[in-house]
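J.: Structure file run09.pdb, PDB, N, CA and C atoms, is pasted below:
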```pdb
ATOM      1  N   MET A   1     -30.770  69.771  12.683
ATOM      2  CA  MET A   1     -29.470  70.236  12.272
ATOM      3  C   MET A   1     -29.605  71.709  11.902
ATOM      4  N   ILE A   2     -28.556  72.467  12.230
ATOM      5  CA  ILE A   2     -28.525  73.896  11.954
ATOM      6  C   ILE A   2     -27.385  74.191  10.973
ATOM      7  N   ASP A   3     -27.674  74.932   9.911
ATOM      8  CA  ASP A   3     -26.647  75.353   8.967
ATOM      9  C   ASP A   3     -25.763  76.381   9.662
ATOM     10  N   GLU A   4     -24.451  76.132   9.706
ATOM     11  CA  GLU A   4     -23.546  77.007  10.450
ATOM     12  C   GLU A   4     -23.398  78.392   9.833
ATOM     13  N   VAL A   5     -23.682  78.546   8.565
ATOM     14  CA  VAL A   5     -23.561  79.847   7.899
ATOM     15  C   VAL A   5     -24.842  80.667   8.053
ATOM     16  N   THR A   6     -25.982  80.054   7.706
ATOM     17  CA  THR A   6     -27.252  80.790   7.718
ATOM     18  C   THR A   6     -27.987  80.693   9.054
ATOM     19  N   GLU A   7     -27.585  79.743   9.896
ATOM     20  CA  GLU A   7     -28.247  79.456  11.170
ATOM     21  C   GLU A   7     -29.690  78.990  10.985
ATOM     22  N   ALA A   8     -30.003  78.508   9.784
ATOM     23  CA  ALA A   8     -31.341  77.998   9.490
ATOM     24  C   ALA A   8     -31.420  76.517   9.823
ATOM     25  N   HIS A   9     -32.594  76.063  10.227
ATOM     26  CA  HIS A   9     -32.833  74.643  10.490
ATOM     27  C   HIS A   9     -32.887  73.920   9.154
ATOM     28  N   VAL A  10     -32.044  72.908   8.973
ATOM     29  CA  VAL A  10     -32.002  72.156   7.714
ATOM     30  C   VAL A  10     -32.065  70.669   8.009
ATOM     31  N   GLY A  11     -32.793  69.940   7.199
ATOM     32  CA  GLY A  11     -32.854  68.491   7.362
ATOM     33  C   GLY A  11     -33.454  68.077   8.686
ATOM     34  N   LYS A  12     -33.402  66.790   8.953
ATOM     35  CA  LYS A  12     -33.935  66.313  10.223
ATOM     36  C   LYS A  12     -32.835  66.271  11.267
ATOM     37  N   ASP A  13     -33.208  66.380  12.520
ATOM     38  CA  ASP A  13     -32.257  66.388  13.616
ATOM     39  C   ASP A  13     -31.698  64.993  13.874
ATOM     40  N   LEU A  14     -30.510  64.950  14.500
ATOM     41  CA  LEU A  14     -29.938  63.673  14.926
ATOM     42  C   LEU A  14     -30.814  63.106  16.025
ATOM     43  N   LYS A  15     -31.043  61.812  15.997
ATOM     44  CA  LYS A  15     -31.891  61.186  16.997
ATOM     45  C   LYS A  15     -31.048  60.318  17.920
ATOM     46  N   GLY A  16     -31.066  60.649  19.212
ATOM     47  CA  GLY A  16     -30.371  59.868  20.219
ATOM     48  C   GLY A  16     -31.365  59.141  21.094
ATOM     49  N   SER A  17     -30.917  58.749  22.268
ATOM     50  CA  SER A  17     -31.789  58.002  23.166
ATOM     51  C   SER A  17     -32.477  58.903  24.178
ATOM     52  N   GLY A  18     -32.492  60.198  23.924
ATOM     53  CA  GLY A  18     -33.189  61.125  24.812
ATOM     54  C   GLY A  18     -32.240  61.818  25.765
ATOM     55  N   GLY A  19     -32.780  62.761  26.540
ATOM     56  CA  GLY A  19     -31.966  63.505  27.501
ATOM     57  C   GLY A  19     -31.103  64.544  26.823
ATOM     58  N   HIS A  20     -30.341  65.264  27.619
ATOM     59  CA  HIS A  20     -29.433  66.257  27.041
ATOM     60  C   HIS A  20     -28.034  65.667  26.952
ATOM     61  N   SER A  21     -27.241  66.192  26.058
ATOM     62  CA  SER A  21     -25.913  65.636  25.783
ATOM     63  C   SER A  21     -24.833  66.480  26.431
ATOM     64  N   GLU A  22     -23.753  65.833  26.873
ATOM     65  CA  GLU A  22     -22.669  66.511  27.570
ATOM     66  C   GLU A  22     -21.356  66.502  26.803
ATOM     67  N   SER A  23     -21.144  65.527  25.936
ATOM     68  CA  SER A  23     -19.870  65.418  25.228
ATOM     69  C   SER A  23     -20.116  64.823  23.847
ATOM     70  N   PHE A  24     -19.380  65.351  22.846
ATOM     71  CA  PHE A  24     -19.522  64.890  21.475
ATOM     72  C   PHE A  24     -18.145  64.582  20.895
ATOM     73  N   GLN A  25     -18.034  63.519  20.131
ATOM     74  CA  GLN A  25     -16.835  63.223  19.349
ATOM     75  C   GLN A  25     -17.300  62.822  17.955
ATOM     76  N   LEU A  26     -16.740  63.457  16.934
ATOM     77  CA  LEU A  26     -17.112  63.173  15.553
ATOM     78  C   LEU A  26     -15.961  62.489  14.842
ATOM     79  N   GLU A  27     -16.278  61.434  14.102
ATOM     80  CA  GLU A  27     -15.255  60.768  13.302
ATOM     81  C   GLU A  27     -14.790  61.690  12.189
ATOM     82  N   LYS A  28     -13.499  61.683  11.915
ATOM     83  CA  LYS A  28     -12.959  62.428  10.782
ATOM     84  C   LYS A  28     -12.926  61.552   9.535
ATOM     85  N   LYS A  29     -12.802  60.237   9.746
ATOM     86  CA  LYS A  29     -12.680  59.307   8.626
ATOM     87  C   LYS A  29     -13.968  58.529   8.371
ATOM     88  N   GLY A  30     -15.013  58.852   9.092
ATOM     89  CA  GLY A  30     -16.279  58.136   8.955
ATOM     90  C   GLY A  30     -17.443  59.074   9.175
ATOM     91  N   SER A  31     -18.608  58.506   9.402
ATOM     92  CA  SER A  31     -19.807  59.332   9.541
ATOM     93  C   SER A  31     -20.458  59.213  10.916
ATOM     94  N   ARG A  32     -19.754  58.600  11.869
ATOM     95  CA  ARG A  32     -20.364  58.411  13.180
ATOM     96  C   ARG A  32     -20.110  59.583  14.126
ATOM     97  N   VAL A  33     -21.107  59.827  14.987
ATOM     98  CA  VAL A  33     -21.016  60.822  16.045
ATOM     99  C   VAL A  33     -21.225  60.077  17.353
ATOM    100  N   PHE A  34     -20.288  60.229  18.299
ATOM    101  CA  PHE A  34     -20.385  59.601  19.615
ATOM    102  C   PHE A  34     -20.854  60.673  20.589
ATOM    103  N   VAL A  35     -21.941  60.391  21.310
ATOM    104  CA  VAL A  35     -22.551  61.379  22.193
ATOM    105  C   VAL A  35     -22.697  60.770  23.588
ATOM    106  N   ARG A  36     -22.166  61.463  24.578
ATOM    107  CA  ARG A  36     -22.278  61.002  25.961
ATOM    108  C   ARG A  36     -23.285  61.883  26.666
ATOM    109  N   ARG A  37     -24.210  61.251  27.383
ATOM    110  CA  ARG A  37     -25.221  62.025  28.095
ATOM    111  C   ARG A  37     -25.369  61.525  29.523
ATOM    112  N   PRO A  38     -25.721  62.431  30.426
ATOM    113  CA  PRO A  38     -25.850  62.070  31.833
ATOM    114  C   PRO A  38     -27.180  61.396  32.135
ATOM    115  N   GLY A  39     -27.284  60.945  33.352
ATOM    116  CA  GLY A  39     -28.508  60.330  33.824
ATOM    117  C   GLY A  39     -28.172  59.351  34.923
ATOM    118  N   ARG A  40     -29.181  58.592  35.325
ATOM    119  CA  ARG A  40     -28.937  57.583  36.347
ATOM    120  C   ARG A  40     -27.846  56.631  35.893
ATOM    121  N   ARG A  41     -27.860  56.305  34.624
ATOM    122  CA  ARG A  41     -26.774  55.555  33.990
ATOM    123  C   ARG A  41     -26.252  56.442  32.879
ATOM    124  N   GLN A  42     -24.952  56.513  32.737
ATOM    125  CA  GLN A  42     -24.373  57.368  31.693
ATOM    126  C   GLN A  42     -24.472  56.648  30.358
ATOM    127  N   TRP A  43     -25.137  57.273  29.406
ATOM    128  CA  TRP A  43     -25.353  56.671  28.101
ATOM    129  C   TRP A  43     -24.349  57.192  27.096
ATOM    130  N   VAL A  44     -23.925  56.323  26.200
ATOM    131  CA  VAL A  44     -23.127  56.727  25.042
ATOM    132  C   VAL A  44     -23.923  56.306  23.808
ATOM    133  N   ASN A  45     -24.318  57.293  23.019
ATOM    134  CA  ASN A  45     -25.032  57.031  21.772
ATOM    135  C   ASN A  45     -24.051  57.056  20.614
ATOM    136  N   VAL A  46     -24.268  56.203  19.633
ATOM    137  CA  VAL A  46     -23.519  56.245  18.385
ATOM    138  C   VAL A  46     -24.547  56.537  17.304
ATOM    139  N   ILE A  47     -24.365  57.685  16.645
ATOM    140  CA  ILE A  47     -25.336  58.146  15.659
ATOM    141  C   ILE A  47     -24.654  58.230  14.307
ATOM    142  N   ASP A  48     -25.313  57.714  13.280
ATOM    143  CA  ASP A  48     -24.805  57.836  11.922
ATOM    144  C   ASP A  48     -25.196  59.213  11.406
ATOM    145  N   ALA A  49     -24.216  60.052  11.123
ATOM    146  CA  ALA A  49     -24.482  61.431  10.713
ATOM    147  C   ALA A  49     -25.074  61.522   9.317
ATOM    148  N   GLU A  50     -24.890  60.506   8.496
ATOM    149  CA  GLU A  50     -25.439  60.551   7.141
ATOM    150  C   GLU A  50     -26.949  60.339   7.139
ATOM    151  N   ASP A  51     -27.418  59.310   7.865
ATOM    152  CA  ASP A  51     -28.870  59.087   7.896
ATOM    153  C   ASP A  51     -29.511  59.647   9.168
ATOM    154  N   ARG A  52     -28.682  60.208  10.075
ATOM    155  CA  ARG A  52     -29.120  60.887  11.293
ATOM    156  C   ARG A  52     -29.935  59.981  12.218
ATOM    157  N   GLU A  53     -29.547  58.723  12.278
ATOM    158  CA  GLU A  53     -30.247  57.759  13.118
ATOM    159  C   GLU A  53     -29.317  57.144  14.157
ATOM    160  N   LEU A  54     -29.871  56.799  15.287
ATOM    161  CA  LEU A  54     -29.143  56.111  16.348
ATOM    162  C   LEU A  54     -28.820  54.699  15.871
ATOM    163  N   THR A  55     -27.530  54.322  15.899
ATOM    164  CA  THR A  55     -27.153  52.987  15.448
ATOM    165  C   THR A  55     -26.818  52.071  16.615
ATOM    166  N   LYS A  56     -26.252  52.640  17.688
ATOM    167  CA  LYS A  56     -25.881  51.847  18.864
ATOM    168  C   LYS A  56     -25.975  52.731  20.098
ATOM    169  N   TRP A  57     -26.080  52.093  21.247
ATOM    170  CA  TRP A  57     -26.002  52.826  22.496
ATOM    171  C   TRP A  57     -25.553  51.869  23.587
ATOM    172  N   GLY A  58     -25.027  52.418  24.649
ATOM    173  CA  GLY A  58     -24.584  51.608  25.770
ATOM    174  C   GLY A  58     -24.596  52.450  27.030
ATOM    175  N   ALA A  59     -24.432  51.816  28.163
ATOM    176  CA  ALA A  59     -24.491  52.542  29.434
ATOM    177  C   ALA A  59     -23.361  52.099  30.349
ATOM    178  N   GLN A  60     -22.918  53.028  31.172
ATOM    179  CA  GLN A  60     -21.967  52.739  32.235
ATOM    180  C   GLN A  60     -22.541  53.257  33.536
ATOM    181  N   ARG A  61     -22.253  52.565  34.604
ATOM    182  CA  ARG A  61     -22.648  53.063  35.927
ATOM    183  C   ARG A  61     -21.494  53.890  36.476
ATOM    184  N   GLY A  62     -21.831  54.883  37.276
ATOM    185  CA  GLY A  62     -20.774  55.681  37.868
ATOM    186  C   GLY A  62     -21.267  57.048  38.280
ATOM    187  N   PRO A  63     -20.344  57.958  38.557
ATOM    188  CA  PRO A  63     -20.716  59.302  38.979
ATOM    189  C   PRO A  63     -21.610  59.977  37.944
ATOM    190  N   LYS A  64     -22.416  60.920  38.417
ATOM    191  CA  LYS A  64     -23.383  61.579  37.549
ATOM    192  C   LYS A  64     -22.922  62.966  37.116
ATOM    193  N   ALA A  65     -21.621  63.203  37.101
ATOM    194  CA  ALA A  65     -21.101  64.507  36.684
ATOM    195  C   ALA A  65     -19.765  64.313  35.981
ATOM    196  N   ASN A  66     -19.389  65.300  35.161
ATOM    197  CA  ASN A  66     -18.123  65.310  34.444
ATOM    198  C   ASN A  66     -18.117  64.220  33.361
ATOM    199  N   TYR A  67     -18.206  64.630  32.117
ATOM    200  CA  TYR A  67     -18.407  63.688  31.027
ATOM    201  C   TYR A  67     -17.354  63.733  29.926
ATOM    202  N   PRO A  68     -16.056  63.783  30.257
ATOM    203  CA  PRO A  68     -15.059  63.824  29.189
ATOM    204  C   PRO A  68     -15.030  62.526  28.374
ATOM    205  N   MET A  69     -14.695  62.681  27.106
ATOM    206  CA  MET A  69     -14.650  61.547  26.196
ATOM    207  C   MET A  69     -13.657  61.904  25.089
ATOM    208  N   ALA A  70     -12.878  60.925  24.622
ATOM    209  CA  ALA A  70     -11.915  61.151  23.542
ATOM    210  C   ALA A  70     -11.989  59.993  22.555
ATOM    211  N   LEU A  71     -11.923  60.310  21.275
ATOM    212  CA  LEU A  71     -11.987  59.315  20.214
ATOM    213  C   LEU A  71     -10.614  59.167  19.572
ATOM    214  N   ASP A  72     -10.110  57.933  19.534
ATOM    215  CA  ASP A  72      -8.848  57.606  18.863
ATOM    216  C   ASP A  72      -9.214  56.715  17.680
ATOM    217  N   GLU A  73      -9.464  57.337  16.536
ATOM    218  CA  GLU A  73      -9.914  56.591  15.359
ATOM    219  C   GLU A  73      -8.887  55.599  14.852
ATOM    220  N   ASP A  74      -7.606  55.994  14.859
ATOM    221  CA  ASP A  74      -6.561  55.120  14.328
ATOM    222  C   ASP A  74      -6.473  53.800  15.074
ATOM    223  N   ASN A  75      -6.729  53.825  16.389
ATOM    224  CA  ASN A  75      -6.666  52.604  17.204
ATOM    225  C   ASN A  75      -8.046  52.072  17.578
ATOM    226  N   HIS A  76      -9.103  52.646  16.994
ATOM    227  CA  HIS A  76     -10.481  52.190  17.207
ATOM    228  C   HIS A  76     -10.851  52.173  18.692
ATOM    229  N   ARG A  77     -10.587  53.315  19.370
ATOM    230  CA  ARG A  77     -10.877  53.404  20.805
ATOM    231  C   ARG A  77     -11.685  54.650  21.117
ATOM    232  N   LEU A  78     -12.657  54.483  21.984
ATOM    233  CA  LEU A  78     -13.402  55.598  22.538
ATOM    234  C   LEU A  78     -13.105  55.587  24.030
ATOM    235  N   SER A  79     -12.429  56.617  24.518
ATOM    236  CA  SER A  79     -12.026  56.668  25.924
ATOM    237  C   SER A  79     -12.998  57.534  26.714
ATOM    238  N   LEU A  80     -13.452  56.992  27.829
ATOM    239  CA  LEU A  80     -14.381  57.691  28.710
ATOM    240  C   LEU A  80     -13.723  57.870  30.069
ATOM    241  N   LEU A  81     -13.936  59.019  30.677
ATOM    242  CA  LEU A  81     -13.425  59.262  32.015
ATOM    243  C   LEU A  81     -14.590  59.225  32.972
ATOM    244  N   ARG A  82     -14.445  58.485  34.051
ATOM    245  CA  ARG A  82     -15.507  58.369  35.050
ATOM    246  C   ARG A  82     -14.917  58.519  36.424
ATOM    247  N   GLY A  83     -15.271  59.588  37.112
ATOM    248  CA  GLY A  83     -14.792  59.798  38.474
ATOM    249  C   GLY A  83     -13.276  59.838  38.552
ATOM    250  N   GLY A  84     -12.619  60.393  37.534
ATOM    251  CA  GLY A  84     -11.163  60.474  37.501
ATOM    252  C   GLY A  84     -10.477  59.215  37.001
ATOM    253  N   LEU A  85     -11.256  58.181  36.653
ATOM    254  CA  LEU A  85     -10.682  56.920  36.156
ATOM    255  C   LEU A  85     -10.973  56.774  34.670
ATOM    256  N   LEU A  86      -9.991  56.358  33.908
ATOM    257  CA  LEU A  86     -10.173  56.100  32.501
ATOM    258  C   LEU A  86     -10.807  54.728  32.333
ATOM    259  N   LEU A  87     -11.925  54.657  31.615
ATOM    260  CA  LEU A  87     -12.606  53.365  31.416
ATOM    261  C   LEU A  87     -12.053  52.666  30.193
TER     262      LEU A  87
END
```
Would you give me this structure, written as structure tokens?
T.:
Amino acid sequence: MIDEVTEAHVGKDLKGSGGHSESFQLEKKGSRVFVRRPGRRQWVNVIDAEDRELTKWGAQRGPKANYPMALDEDNHRLSLLRGGLLL
């Protein structure tokens, strides 16, 4: 984690399932961070921002490019776009 004011490394980093990340959604009413990353299978990591640990992950098959994601906290939905289709 990087302090946005001092740009210093603080605390331990968030731990996901590896690879580089393409899309992030942060809860406003909770402590979870949803991270979408590319690969042979597109992974979605759910990381608890308070303890900075991976709590859940899942995969979808589909195109290997374009990783939009939207979080609707009020309706408990995480929307993923895959190849122009909403999942």
J.: Suppose a student applies the PyMOL selection byres ((chain A and resi 24-26) around 8) to this structure; what residues should they get, written as a PyMOL selection string?
T.: chain A and resi 21-23+27-37+67-71
J.: Which residues would end up in the selection if the PyMOL selection byres ((chain A and resi 48) around 8) were applied here, given that I need the answer as number ranges by chain?
T.: A: 14-15, 30-34, 45-47, 49-56
J.: For the atom pair atom C of Val10 (chain A) and atom N of Gly58 (chain A), what is the interatomic distance in Å to one decimal place?
T.: 25.7 Å
J.: Could you tell me how far atom N of Val44 (chain A) lies from atom N of Leu78 (chain A), in Å and to one decimal?
T.: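 Separation between atom N of Val44 (chain A) and atom N of Leu78 (chain A): 12.2 Å.
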J.: Can you measure CA of Trp43 (chain A) to CA of Ser79 (chain A) for me? One decimal in Å is fine.
T.: 13.5 Å
